[in-house]
Amino acid sequence: KAKLMVPQSLVGKKVTITAGPTVEAIDPVRFLSNHSTGKMGFALARACRDAGAEVTLIAGGKVDLTTPLDVQRVNVLSANDMLQAASQSAAAGCDIFIATAAVADYRTRDAAPQKIKKTQDEMTLDLVKNPDILATISHTYPDMFMVGFAAETQDVEKYARGKLASKDLDMIACNDVSRKDIGFASDENAMTVFFADKYQQEPEALDKASKDDIAQQLVALIGNTI
Ligand code: CTP
Ligand code: CA
């Protein structure tokens, strides 16, 4: 089968991937989250494994996907938990870090210890910013090859390049979420990949294809760049 043809471009490399949403508790029965399913991260885990890498996959929220064979999976809920798992994986030795997770940008300042009763007519949630997992790992390990993802609804290139620089990334893959036919729960995706200036590499447009296909193309780009 086609699998035999996959170039072993990541043999000997350790890869850590974050995937899925994070879940931020409001009280013991309610949470803040988003519609991410983890499909892109799981597809990348399979593609990295097929390219010969040793893969750790950190899955947030309630990702309901089969763990790929030969991939070490760590389940977490919140952004703080995901940062802790990512830091552990990075400290254990990691060459390539790929952040596909849709990390909640904010969490509740304090999750209520008991179920909140509907006694008030109006209520306000007090939110605080979550740590940036990708930026934290990137700034702690300047030599690690860092791959980010971005979902933008406008000015895709401007925001992508901003994130490349501020998070000190090597590569960022962007999708335009204003397109209704791709992304999130979809099995298909189309992306534009931007590279750090030092690689002097033109942006790469990946046409709409299955997430498995996109993942293989991204792994090929990583293998060629690293
Ligand atoms: N990311 C992360 N930790 C966060 C937020 C984002 O690791 N707390 C990672 C995502 O996994 C993705 C990249 O950073 O690889 C960009 O995420 P995105 O949400 O597009 O960017 P933000 O920096 O959160 O900025 P904004 O949402 O305001 O566009
Ligand atoms: Ca965000």
# chains A, B, ... in the order shown; residues from 1 in each chain; ligands from 1
call {"tool": "closest_atom_pairs", "arguments": {"of": "chain A", "to": "ligand 1", "cutoff": "10 Å", "atoms": "only C-alpha atoms and all ligand atoms", "output": "CSV"}}
result
residue,atom,partner,partner_atom_place_in_ligand_line,distance
A:Ile17,CA,ligand 1,11 (O),9.3
A:Thr18,CA,ligand 1,11 (O),6.9
A:Ala19,CA,ligand 1,11 (O),7.7
A:Gly20,CA,ligand 1,11 (O),9.0
A:Pro21,CA,ligand 1,11 (O),9.2
A:Thr22,CA,ligand 1,8 (N),9.4
A:Gly41,CA,ligand 1,11 (O),9.9
A:Ala79,CA,ligand 1,8 (N),6.7
A:Asn80,CA,ligand 1,8 (N),9.0
A:Met82,CA,ligand 1,7 (O),8.8
A:Leu83,CA,ligand 1,3 (N),8.1
A:Ala86,CA,ligand 1,7 (O),9.5
A:Phe97,CA,ligand 1,15 (O),9.7
A:Ile98,CA,ligand 1,15 (O),7.1
A:Ala99,CA,ligand 1,15 (O),4.1
A:Thr100,CA,ligand 1,11 (O),4.6
A:Ala101,CA,ligand 1,11 (O),4.2
A:Ala102,CA,ligand 1,11 (O),5.4
A:Val103,CA,ligand 1,4 (C),4.9
A:Ala104,CA,ligand 1,8 (N),6.3
A:Asp105,CA,ligand 1,8 (N),5.3
A:Tyr106,CA,ligand 1,8 (N),8.0
A:Lys129,CA,ligand 1,8 (N),7.9
A:Asn130,CA,ligand 1,8 (N),5.4
A:Pro131,CA,ligand 1,8 (N),5.0
A:Asp132,CA,ligand 1,8 (N),3.5
A:Ile133,CA,ligand 1,7 (O),3.7
A:Leu134,CA,ligand 1,7 (O),3.7
A:Ala135,CA,ligand 1,7 (O),6.5
A:Thr136,CA,ligand 1,7 (O),8.0
A:Ile137,CA,ligand 1,7 (O),8.6
A:Ser138,CA,ligand 1,7 (O),9.7
A:Met146,CA,ligand 1,15 (O),9.2
A:Val147,CA,ligand 1,15 (O),6.9
A:Gly148,CA,ligand 1,15 (O),3.6
A:Phe149,CA,ligand 1,15 (O),3.8
A:Ala150,CA,ligand 1,20 (O),3.7
A:Ala151,CA,ligand 1,20 (O),5.1
A:Glu152,CA,ligand 1,20 (O),6.8
A:Thr153,CA,ligand 1,29 (O),9.5
A:Tyr159,CA,ligand 1,29 (O),7.4
A:Ala160,CA,ligand 1,20 (O),8.1
A:Gly162,CA,ligand 1,23 (O),9.3
A:Lys163,CA,ligand 1,23 (O),6.6
A:Leu164,CA,ligand 1,16 (C),9.0
A:Ser166,CA,ligand 1,23 (O),8.8
A:Lys167,CA,ligand 1,14 (O),7.8
A:Leu169,CA,ligand 1,15 (O),9.5
A:Met171,CA,ligand 1,15 (O),9.9
A:Ile172,CA,ligand 1,15 (O),7.6
A:Ala173,CA,ligand 1,15 (O),8.3
A:Cys174,CA,ligand 1,20 (O),8.3
A:Asn175,CA,ligand 1,20 (O),9.6
call {"tool": "select_by_dssp", "arguments": {"residues": "segment 25-215 of chain A", "states": "helix (DSSP H, G or I)", "output": "ChimeraX atom specification"}}
result
/A:39-50,79-91,133-140,156-166,197-199,211-215
call {"tool": "write_last_selection", "arguments": {"atoms": "C-alpha atoms", "output": "JSON list (two decimals), in the first residue's frame"}}
result
[["chain", "number", "residue", "atom", "x", "y", "z"],
["A", 39, "LYS", "CA", -8.75, 15.47, 13.84],
["A", 40, "MET", "CA", -5.86, 17.52, 12.44],
["A", 41, "GLY", "CA", -3.61, 16.69, 15.39],
["A", 42, "PHE", "CA", -4.42, 12.99, 15.21],
["A", 43, "ALA", "CA", -3.81, 12.96, 11.44],
["A", 44, "LEU", "CA", -0.43, 14.61, 12.07],
["A", 45, "ALA", "CA", 0.39, 12.06, 14.76],
["A", 46, "ARG", "CA", -0.19, 9.24, 12.25],
["A", 47, "ALA", "CA", 1.79, 11.03, 9.53],
["A", 48, "CYS", "CA", 4.75, 11.71, 11.86],
["A", 49, "ARG", "CA", 4.70, 8.09, 13.04],
["A", 50, "ASP", "CA", 4.64, 6.89, 9.43],
["A", 79, "ALA", "CA", -4.93, 24.70, 29.17],
["A", 80, "ASN", "CA", -2.94, 24.60, 32.41],
["A", 81, "ASP", "CA", -3.00, 20.79, 32.35],
["A", 82, "MET", "CA", -1.97, 20.83, 28.68],
["A", 83, "LEU", "CA", 0.95, 23.15, 29.44],
["A", 84, "GLN", "CA", 2.09, 20.81, 32.21],
["A", 85, "ALA", "CA", 1.93, 17.75, 29.93],
["A", 86, "ALA", "CA", 3.67, 19.65, 27.11],
["A", 87, "SER", "CA", 6.43, 20.83, 29.45],
["A", 88, "GLN", "CA", 6.98, 17.27, 30.65],
["A", 89, "SER", "CA", 7.16, 15.94, 27.12],
["A", 90, "ALA", "CA", 9.55, 18.72, 26.09],
["A", 91, "ALA", "CA", 11.78, 18.14, 29.12],
["A", 133, "ILE", "CA", 1.56, 26.73, 25.52],
["A", 134, "LEU", "CA", 3.32, 27.05, 22.17],
["A", 135, "ALA", "CA", 5.07, 30.33, 23.06],
["A", 136, "THR", "CA", 6.12, 29.01, 26.48],
["A", 137, "ILE", "CA", 7.72, 25.86, 25.05],
["A", 138, "SER", "CA", 9.26, 27.79, 22.17],
["A", 139, "HIS", "CA", 10.86, 30.40, 24.41],
["A", 140, "THR", "CA", 12.09, 27.73, 26.87],
["A", 156, "VAL", "CA", -4.53, 35.73, 7.24],
["A", 157, "GLU", "CA", -0.94, 36.46, 6.18],
["A", 158, "LYS", "CA", -0.50, 39.46, 8.48],
["A", 159, "TYR", "CA", -1.69, 37.59, 11.57],
["A", 160, "ALA", "CA", 0.20, 34.43, 10.61],
["A", 161, "ARG", "CA", 3.48, 36.30, 10.28],
["A", 162, "GLY", "CA", 2.80, 38.09, 13.55],
["A", 163, "LYS", "CA", 2.41, 34.75, 15.34],
["A", 164, "LEU", "CA", 5.51, 33.31, 13.61],
["A", 165, "ALA", "CA", 7.55, 36.17, 15.04],
["A", 166, "SER", "CA", 5.98, 36.61, 18.49],
["A", 197, "ASP", "CA", 12.48, 34.42, 7.63],
["A", 198, "LYS", "CA", 15.73, 32.50, 8.20],
["A", 199, "TYR", "CA", 14.59, 29.70, 5.86],
["A", 211, "LYS", "CA", -6.75, 16.02, 6.77],
["A", 212, "ASP", "CA", -4.61, 12.86, 6.34],
["A", 213, "ASP", "CA", -3.36, 14.20, 3.04],
["A", 214, "ILE", "CA", -2.68, 17.67, 4.45],
["A", 215, "ALA", "CA", -0.89, 16.07, 7.40]]
call {"tool": "closest_residue", "arguments": {"among": "A:Asp170, A:Val71, A:Thr124, A:Ser33", "to": "ligand 2", "atoms": "only C-alpha atoms and all ligand atoms"}}
result
A:Ser33
call {"tool": "atom_distance", "arguments": {"atom1": "atom CA of Val11 of chain A", "atom2": "atom CA of Gly223 of chain A"}}
result
9.8 Å
call {"tool": "select_by_dssp", "arguments": {"residues": "segment 82-224 of chain A", "states": "strand (DSSP E)", "output": "mmCIF file with C-alpha atoms, in the first residue's frame"}}
result
data_model
loop_
_atom_site.group_PDB
_atom_site.id
_atom_site.type_symbol
_atom_site.label_atom_id
_atom_site.label_comp_id
_atom_site.auth_asym_id
_atom_site.auth_seq_id
_atom_site.Cartn_x
_atom_site.Cartn_y
_atom_site.Cartn_z
ATOM 1 C CA ILE A 96 9.693 18.938 16.957
ATOM 2 C CA PHE A 97 6.693 20.508 18.696
ATOM 3 C CA ILE A 98 3.446 20.826 16.740
ATOM 4 C CA ALA A 99 0.592 22.824 18.288
ATOM 5 C CA TYR A 106 -9.361 32.468 28.753
ATOM 6 C CA ARG A 107 -10.393 30.412 31.758
ATOM 7 C CA THR A 108 -12.544 31.280 34.744
ATOM 8 C CA LEU A 127 -12.101 35.321 33.082
ATOM 9 C CA VAL A 128 -8.301 35.413 33.034
ATOM 10 C CA LYS A 129 -5.951 34.725 30.133
ATOM 11 C CA PHE A 145 11.572 23.038 15.738
ATOM 12 C CA MET A 146 8.232 24.745 16.430
ATOM 13 C CA VAL A 147 5.144 24.424 14.265
ATOM 14 C CA GLY A 148 2.046 26.518 14.956
ATOM 15 C CA PHE A 149 -1.423 26.529 13.525
ATOM 16 C CA ALA A 150 -3.695 29.504 13.133
ATOM 17 C CA ALA A 151 -7.308 29.916 12.259
ATOM 18 C CA GLU A 152 -8.014 33.399 10.982
ATOM 19 C CA MET A 171 6.531 27.216 10.516
ATOM 20 C CA ILE A 172 2.872 28.170 10.804
ATOM 21 C CA ALA A 173 -0.033 26.555 8.972
ATOM 22 C CA CYS A 174 -3.077 28.750 8.539
ATOM 23 C CA ASN A 175 -6.605 28.091 7.554
ATOM 24 C CA ASP A 176 -9.214 30.637 6.683
ATOM 25 C CA GLU A 188 -11.019 18.203 4.782
ATOM 26 C CA ASN A 189 -8.769 21.182 5.111
ATOM 27 C CA ALA A 190 -6.880 23.713 2.980
ATOM 28 C CA MET A 191 -3.977 25.682 4.365
ATOM 29 C CA THR A 192 -1.229 28.151 3.643
ATOM 30 C CA VAL A 193 2.107 27.506 5.331
ATOM 31 C CA PHE A 194 4.444 30.376 6.211
ATOM 32 C CA PHE A 195 8.087 29.902 7.227
ATOM 33 C CA GLU A 204 3.284 27.065 0.466
ATOM 34 C CA ALA A 205 -0.397 26.747 -0.454
ATOM 35 C CA LEU A 206 -1.849 23.322 0.270
ATOM 36 C CA ASP A 207 -4.994 22.732 -1.761
ATOM 37 C CA LYS A 208 -8.169 21.425 -0.191
ATOM 38 C CA ALA A 209 -7.624 17.761 0.656
ATOM 39 C CA SER A 210 -8.318 15.240 3.401
#
call {"tool": "residues_around", "arguments": {"residues": "Pro7 of chain A", "least_positions_apart": "5", "cutoff": "9 Å", "atoms": "only C-alpha atoms", "output": "short mmCIF file (atom, residue, chain, number, x, y, z; two decimals) with C-alpha atoms, in the first residue's frame"}}
result
data_model
loop_
_atom_site.label_atom_id
_atom_site.label_comp_id
_atom_site.auth_asym_id
_atom_site.auth_seq_id
_atom_site.Cartn_x
_atom_site.Cartn_y
_atom_site.Cartn_z
CA ASP A 50 4.64 6.89 9.43
CA ALA A 51 7.66 9.11 8.74
CA GLY A 52 9.55 7.27 11.48
CA ALA A 220 7.06 16.52 4.15
#
